[in-house]
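Let me begin by presenting the structure, written as structure tokens, before commenting on it.
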Amino acid sequence: MPRDLSVRLGSLHLPNPLIAASGCFGYGLEYEEVADLASLGGVCVKGLFMTEREGHSPPRIVETPAGMINAIGLQGIGVHRFVQEKLPLLRERGARVFVNVCGTTIDEYVEVTKVLTDAGGVAAIELNISCPNIKEGGIQFGCSLVGTSAVVAAVRKATHLPVIPKLTPNVTDVASFARAAEDAGADAVSLVNTFLAMAIDVETRRPTITNVLGGLSGPAIRPIAVRMVWECAREVKIPIIGMGGITDARDAVEFILAGATAVQIGTANFVDPFVWTKVLAGLEDYLDRHNVERLAELIGAFDPTPPKAVHA
Amino acid sequence: MSPIDVDATVIANRRLSRDYNVLTLAAPEVGARTIAGQFVMVRPAEMTETLLRRPFSVFEIIRDPAGRPTAISILNKRAGRTTNRLYETESGERIACLGPLGRPYTAVPGPAEAWMVAGGVGLAPFATLAEALASTRIPTTLFYGARSDRELFHLEFFERLGVTLVLTTEDGSRGERGRVTAPLDRALVGRSPGSIMVYACGPEPMLAAVSGIAARHRQPCEVSVERTMGCGLGGCYSCVIKVRHDAQPHFVRSCIAGPVFDGAAIVWD
């Protein structure tokens, strides 16, 4: 029996809950030979400022247990080149385009958003207020309730598109940030961005990546991300896009049960660019096995009844 | 051609030394698509603590008597967890193998000689390139430097193809003592500009030196670089290298803009 994987993210209707995570999927077009962009719920492209950025000097990543630390530094082509060179092709391929919007000031977030809104063909604005790897902008807003509110409110006024701030886990109480975002007019929140982290090369006593600090992603962070999604789901009414170390359908379902309406996959796409079809098939299988008709029924369906003690 | 992902069975693991081995993988579909200089992203299927695949040049394309690819091999050097694991791998194990990826070496323009310059594990792309060059009957030389005689591999293969060998070792145990760039520099003296295509692969200081030598002798030079890579498909922006476009150098992704670059365009660290 055909299962319905579609979800509603505010005013957006997605055929399935899988969205390629920003910074992990280039501008989408890099993957068109291995993934049908239209078959994804959405494609969230790499973070964009008003102008081009070079990013940090390599090495930019290091592998860590069940994860990786990155400090790319938001290398990017800037919003104007994106609108001219990438957006028309993404639209042609039928992708639902989420754009990760960056800024060093609130004005820049607003300006980038306006350019994207005027261009047409963008599905949603994801506000990057959580990148741990750049000195100015981003996380300085995401680590302050006042800053989060201010960015969301300003961008909210500048566009009719859904506004989805991406929250950082590098705060004491992430749910309070979800609440601030909702109160300021956000249509949804996405979480989590990476955890600020560090790995030392003990042979040389030097950093493993040029930026010294970077963001930890991958399965290593998944249980913490699930907890944070659950905390936010209890705090706000707006939909949540959950992410953090999802590698298969089981992981995706875990986030959805915790309260996510949609999920993003990032690091796992580096390991397996064919992950999308595998997770979609796995979701169908899960719905079959549990005799659930619509995936949306699983959103927040976590049952907090304590597990049974297992007797050997 | 589009890359494919093959859950490849290990057919053989030839341990060449304490650090080097050649893994033969049942990935004929990848072999059939590969052009010399391209790479694959591999990962032992059961590894869980390290996630990412590691990039390897396609070392050999193994063919049946009819010329159809039956497998590929990769030349591995132990450098970390995944490469250690690949050294220990046994026949019958599974290795996820994604490829071919990246921009290959380009053909020699016109009647010219091809000189390949390899340092250590940088030999990896030159077996397939030598085969491609042999089929065009272009005179080909391999300048090949290693730490010692024990780490000079595959020499008979190149000799059989008619490749002229110029060997160097750091300890002088075979060929000239010292770096491979010394005989390369001497051999280029007096050659007419643009008559020799130089292909290089090896550690970056060597590639920088080879690029400089080729430029000084006004010979074209392509280098294959290896930067710490995440995905191999352009998604993560990890493996960037500074390349001159017009006047201004920019970081470009070595997985999709490379790994083969015009040596003269790279801004070396």
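Simple scheme: letters A, B, ... for chains in structure tokens order, numbers from 1 for residues in each chain, numbers from 1 for ligands in the order shown.
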Identify every residue of chain B that has at least one atom within 6 Å of any atom of chain A, counting only C-alpha atoms, and report the result as a CSV table (one decimal) with C-alpha atoms, in the first residue's frame.
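Saved as out_4.csv:
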chain,number,residue,atom,x,y,z
B,2,SER,CA,28.5,9.9,-13.7
B,49,GLU,CA,34.3,5.1,14.2
B,50,THR,CA,35.6,6.9,11.2
B,52,LEU,CA,34.5,9.6,5.8
B,231,CYS,CA,33.1,14.2,0.1
B,234,GLY,CA,32.0,19.4,-4.3
B,235,GLY,CA,29.6,19.4,-1.4
B,236,CYS,CA,31.7,20.2,1.6
B,238,SER,CA,37.1,21.0,2.5
Could you name the residues that touch Ala264 in chain B at 10 Å or less, counting only C-alpha atoms, but leaving out those on the same chain fewer than 3 positions away, as a list of chain:residue names?
-> B:Ala208, B:Val210, B:Ser211, B:Gly212, B:Ala214, B:Ala215, B:Pro220, B:Cys221, B:Glu222, B:Val223, B:Val243, B:Arg244, B:Phe261, B:Val267, B:Trp268
With only C-alpha atoms as the counted atoms, please give the residues lying no more than 9 Å from range 153-159 of chain B, apart from itself and same-chain residues fewer than 2 positions off, as a tab-separated table (two decimals) with C-alpha atoms, in the first residue's frame.
chain	number	residue	atom	x	y	z
B	16	LEU	CA	54.48	-4.23	-0.85
B	123	LEU	CA	53.10	6.91	-8.25
B	127	ALA	CA	50.18	3.27	-14.20
B	130	ALA	CA	51.42	5.24	-18.84
B	131	GLU	CA	48.99	2.76	-20.42
B	142	LEU	CA	58.94	8.21	-15.44
B	149	ASP	CA	64.92	0.94	-2.98
B	150	ARG	CA	62.34	-1.00	-0.95
B	151	GLU	CA	59.71	1.63	-1.75
B	161	LEU	CA	55.21	-0.51	-21.50
B	162	GLY	CA	58.48	0.91	-22.80
B	163	VAL	CA	58.61	3.73	-20.28
B	164	THR	CA	62.12	5.11	-19.62
B	165	LEU	CA	62.82	5.07	-15.87
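Closest approach to Ala154 in chain A from the set A:Ile224, A:Leu40, A:Val263, A:Ala184 is made by A:Ala184, with distances taken over only C-alpha atoms.
With distances restricted to only C-alpha atoms, B:Val121 is the closest residue to Asp19 in chain B from B:Ala112, B:Val121, B:Ile256, B:Ile35.
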Pick out the residues sitting within 6 Å of Thr70 in chain B, and hand them over as a PDB file with N, CA and C atoms, in the first residue's frame; count only C-alpha atoms, and ignore anything fewer than 5 positions along from it in its own chain.
ATOM      1  N   PRO B  28      34.509  -3.396 -11.667  1.00  0.00           N
ATOM      2  CA  PRO B  28      34.776  -3.241 -13.109  1.00  0.00           C
ATOM      3  C   PRO B  28      34.060  -2.038 -13.713  1.00  0.00           C
ATOM      4  N   ILE B  62      42.364  -3.363 -14.175  1.00  0.00           N
ATOM      5  CA  ILE B  62      42.710  -4.747 -14.511  1.00  0.00           C
ATOM      6  C   ILE B  62      41.696  -5.259 -15.523  1.00  0.00           C
ATOM      7  N   ARG B  63      42.216  -5.873 -16.599  1.00  0.00           N
ATOM      8  CA  ARG B  63      41.348  -6.285 -17.707  1.00  0.00           C
ATOM      9  C   ARG B  63      41.467  -7.779 -17.982  1.00  0.00           C
TER      10      ARG B  63
END
